[in-house]
file data_18.pdb (PDB, C-alpha atoms, pLDDT in the B column)
ATOM      1  CA  MET A  44     123.776  49.060  67.260  1.00 48.00           C
ATOM      2  CA  ALA A  45     123.608  47.221  70.592  1.00 52.00           C
ATOM      3  CA  LYS A  46     125.751  49.950  72.124  1.00 57.00           C
ATOM      4  CA  THR A  47     123.253  52.575  70.978  1.00 67.00           C
ATOM      5  CA  ALA A  48     120.314  50.620  72.426  1.00 70.00           C
ATOM      6  CA  ALA A  49     122.176  50.136  75.707  1.00 68.00           C
ATOM      7  CA  ALA A  50     123.050  53.844  75.858  1.00 67.00           C
ATOM      8  CA  GLU A  51     119.439  54.785  75.156  1.00 67.00           C
ATOM      9  CA  GLN A  52     118.181  52.414  77.849  1.00 68.00           C
ATOM     10  CA  LYS A  53     120.649  53.931  80.316  1.00 68.00           C
ATOM     11  CA  GLN A  54     119.518  57.463  79.389  1.00 68.00           C
ATOM     12  CA  ASN A  55     115.870  56.508  79.878  1.00 74.00           C
ATOM     13  CA  ALA A  56     116.667  55.403  83.439  1.00 83.00           C
ATOM     14  CA  LEU A  57     118.250  58.758  84.337  1.00 88.00           C
ATOM     15  CA  SER A  58     116.381  61.697  85.812  1.00 91.00           C
ATOM     16  CA  ILE A  59     116.237  64.953  83.887  1.00 92.00           C
ATOM     17  CA  GLU A  60     118.684  66.430  86.388  1.00 93.00           C
ATOM     18  CA  GLU A  61     121.134  63.619  85.688  1.00 94.00           C
ATOM     19  CA  LEU A  62     120.694  64.123  81.950  1.00 95.00           C
ATOM     20  CA  MET A  63     121.406  67.845  82.334  1.00 94.00           C
ATOM     21  CA  THR A  64     124.531  67.044  84.349  1.00 95.00           C
ATOM     22  CA  ARG A  65     125.676  64.739  81.551  1.00 96.00           C
ATOM     23  CA  LEU A  66     125.083  67.526  79.018  1.00 96.00           C
ATOM     24  CA  GLU A  67     127.307  69.797  81.095  1.00 96.00           C
ATOM     25  CA  GLU A  68     130.018  67.111  81.159  1.00 97.00           C
ATOM     26  CA  ILE A  69     129.750  66.695  77.395  1.00 97.00           C
ATOM     27  CA  THR A  70     130.087  70.439  76.904  1.00 96.00           C
ATOM     28  CA  ARG A  71     133.204  70.584  79.075  1.00 97.00           C
ATOM     29  CA  ASN A  72     134.741  67.651  77.196  1.00 97.00           C
ATOM     30  CA  ILE A  73     134.026  69.154  73.788  1.00 97.00           C
ATOM     31  CA  GLU A  74     135.485  72.491  74.907  1.00 96.00           C
ATOM     32  CA  ASN A  75     138.656  70.764  76.100  1.00 96.00           C
ATOM     33  CA  PRO A  76     141.343  71.271  73.442  1.00 95.00           C
ATOM     34  CA  ASP A  77     142.745  67.804  74.197  1.00 96.00           C
ATOM     35  CA  THR A  78     139.547  66.129  73.007  1.00 95.00           C
ATOM     36  CA  GLY A  79     140.043  64.800  69.503  1.00 95.00           C
ATOM     37  CA  ILE A  80     137.725  65.544  66.632  1.00 96.00           C
ATOM     38  CA  GLU A  81     136.279  62.020  66.500  1.00 96.00           C
ATOM     39  CA  SER A  82     135.583  62.059  70.231  1.00 96.00           C
ATOM     40  CA  SER A  83     134.053  65.512  69.962  1.00 96.00           C
ATOM     41  CA  ILE A  84     131.732  64.342  67.204  1.00 97.00           C
ATOM     42  CA  ALA A  85     130.657  61.299  69.224  1.00 97.00           C
ATOM     43  CA  LEU A  86     130.065  63.498  72.269  1.00 97.00           C
ATOM     44  CA  TYR A  87     128.095  65.971  70.164  1.00 97.00           C
ATOM     45  CA  GLU A  88     125.856  63.158  68.872  1.00 96.00           C
ATOM     46  CA  GLU A  89     125.326  61.909  72.430  1.00 96.00           C
ATOM     47  CA  GLY A  90     124.495  65.448  73.519  1.00 96.00           C
ATOM     48  CA  LEU A  91     121.901  65.827  70.762  1.00 96.00           C
ATOM     49  CA  ALA A  92     120.227  62.591  71.842  1.00 95.00           C
ATOM     50  CA  ILE A  93     120.184  63.667  75.482  1.00 95.00           C
ATOM     51  CA  ALA A  94     118.853  67.129  74.596  1.00 94.00           C
ATOM     52  CA  GLY A  95     116.023  65.464  72.685  1.00 93.00           C
ATOM     53  CA  LYS A  96     115.154  63.343  75.703  1.00 93.00           C
ATOM     54  CA  CYS A  97     115.174  66.433  77.940  1.00 92.00           C
ATOM     55  CA  LYS A  98     112.886  68.248  75.502  1.00 91.00           C
ATOM     56  CA  ASP A  99     110.450  65.335  75.428  1.00 92.00           C
ATOM     57  CA  ARG A 100     110.373  65.047  79.215  1.00 92.00           C
ATOM     58  CA  LEU A 101     109.844  68.785  79.722  1.00 89.00           C
ATOM     59  CA  GLN A 102     107.025  68.834  77.181  1.00 88.00           C
ATOM     60  CA  GLU A 103     105.441  65.849  78.904  1.00 91.00           C
ATOM     61  CA  ALA A 104     105.699  67.612  82.275  1.00 88.00           C
ATOM     62  CA  ARG A 105     104.074  70.726  80.818  1.00 86.00           C
ATOM     63  CA  ARG A 106     101.196  68.664  79.395  1.00 88.00           C
ATOM     64  CA  LYS A 107     100.674  66.962  82.761  1.00 91.00           C
ATOM     65  CA  ILE A 108     100.557  70.311  84.547  1.00 87.00           C
ATOM     66  CA  GLU A 109      98.034  71.601  82.010  1.00 85.00           C
ATOM     67  CA  VAL A 110      95.790  68.586  82.732  1.00 90.00           C
ATOM     68  CA  ILE A 111      96.265  68.571  86.503  1.00 91.00           C
ATOM     69  CA  ASN A 112      95.939  72.307  86.980  1.00 87.00           C
ATOM     70  CA  PRO A 113      94.466  74.066  83.943  1.00 85.00           C
ATOM     71  CA  GLU A 114      93.998  77.272  85.963  1.00 85.00           C
ATOM     72  CA  LEU A 115      97.725  77.468  86.566  1.00 83.00           C
ATOM     73  CA  ALA A 116      98.404  76.952  82.859  1.00 77.00           C
ATOM     74  CA  LYS A 117      96.142  79.939  82.116  1.00 79.00           C
ATOM     75  CA  THR A 118      98.470  82.168  84.158  1.00 82.00           C
ATOM     76  CA  TRP A 119     101.498  81.291  82.028  1.00 77.00           C
ATOM     77  CA  PRO A 120     102.676  83.966  79.607  1.00 75.00           C
ATOM     78  CA  GLU A 121     101.085  83.690  76.174  1.00 68.00           C
ATOM     79  CA  THR A 122     104.335  82.476  74.622  1.00 61.00           C
ATOM     80  CA  ALA A 123     104.526  79.597  77.104  1.00 59.00           C
ATOM     81  CA  ARG A 124     101.023  78.501  76.145  1.00 54.00           C
ATOM     82  CA  THR A 125     101.396  78.785  72.393  1.00 56.00           C
ATOM     83  CA  LYS A 126     105.069  78.078  71.624  1.00 61.00           C
ATOM     84  CA  ASP A 127     107.026  74.929  71.998  1.00 61.00           C
ATOM     85  CA  LEU A 128     109.478  75.039  74.898  1.00 53.00           C
ATOM     86  CA  PHE A 129     112.408  74.859  72.528  1.00 56.00           C
ATOM     87  CA  ASP A 130     111.255  77.118  69.712  1.00 60.00           C
ATOM     88  CA  SER A 131     113.549  80.020  69.063  1.00 51.00           C
TER      89      SER A 131
END
call {"tool": "encode", "arguments": {"input": "data_18.pdb", "output": "structure tokens"}}
result
Amino acid sequence: MAKTAAAEQKQNALSIEELMTRLEEITRNIENPDTGIESSIALYEEGLAIAGKCKDRLQEARRKIEVINPELAKTWPETARTKDLFDS
């Protein structure tokens, strides 16, 4: 459990760009045929956690923009104003 808390604390200190870079690394490692199944599963779990953090940060940034510059938010396409960033 301490490892998970330490990993989460480390992720919180990273910028969104650094988190995205880590997601790319995880993807490459999972795609590597030499990566074992257990390692792939652990990497996948890490990737899910990082993706969640990215989603939260992007949603927070969108909310800040809407408060700081509501006129700009009005120019966004309707889907950007009404749908979650990660809805499919």
call {"tool": "residues_around", "arguments": {"input": "data_18.pdb", "residues": "Leu86 (chain A)", "least_positions_apart": "2", "cutoff": "10 Å", "atoms": "only C-alpha atoms", "output": "number ranges by chain"}}
result
A: 66, 68-70, 72-73, 78, 80-84, 88-92
call {"tool": "atom_distance", "arguments": {"input": "data_18.pdb", "atom1": "CA of Met63 (chain A)", "atom2": "CA of Asp99 (chain A)"}}
result
13.2 Å
call {"tool": "residues_around", "arguments": {"input": "data_18.pdb", "residues": "Arg100 (chain A)", "least_positions_apart": "5", "cutoff": "9 Å", "atoms": "only C-alpha atoms", "output": "list in words"}}
result
Ile59, Gly95 and Arg105 of chain A
call {"tool": "axis_aligned_box", "arguments": {"input": "data_18.pdb", "around": "region 111-122 of chain A", "padding_each_side": "8 Å", "output": "JSON"}}
result
{"center_x": 99.2, "center_y": 76.3, "center_z": 80.8, "size_x": 26.3, "size_y": 31.4, "size_z": 28.4}
call {"tool": "atom_distance", "arguments": {"input": "data_18.pdb", "atom1": "CA of Lys96 (chain A)", "atom2": "CA of Asn55 (chain A)"}}
result
8.0 Å
call {"tool": "atom_distance", "arguments": {"input": "data_18.pdb", "atom1": "CA of Asp77 (chain A)", "atom2": "CA of Leu62 (chain A)"}}
result
23.7 Å
call {"tool": "closest_residue", "arguments": {"input": "data_18.pdb", "among": "A:Arg65, A:Lys107, A:Lys117, A:Arg71", "to": "Ile93 (chain A)", "atoms": "all atoms listed in the file"}}
result
A:Arg65
call {"tool": "residues_near_point", "arguments": {"input": "data_18.pdb", "point": "(100.1, 75.6, 80.5)", "cutoff": "9 Å", "atoms": "all atoms listed in the file", "output": "number ranges by chain"}}
result
A: 105-110, 112-120, 123-125
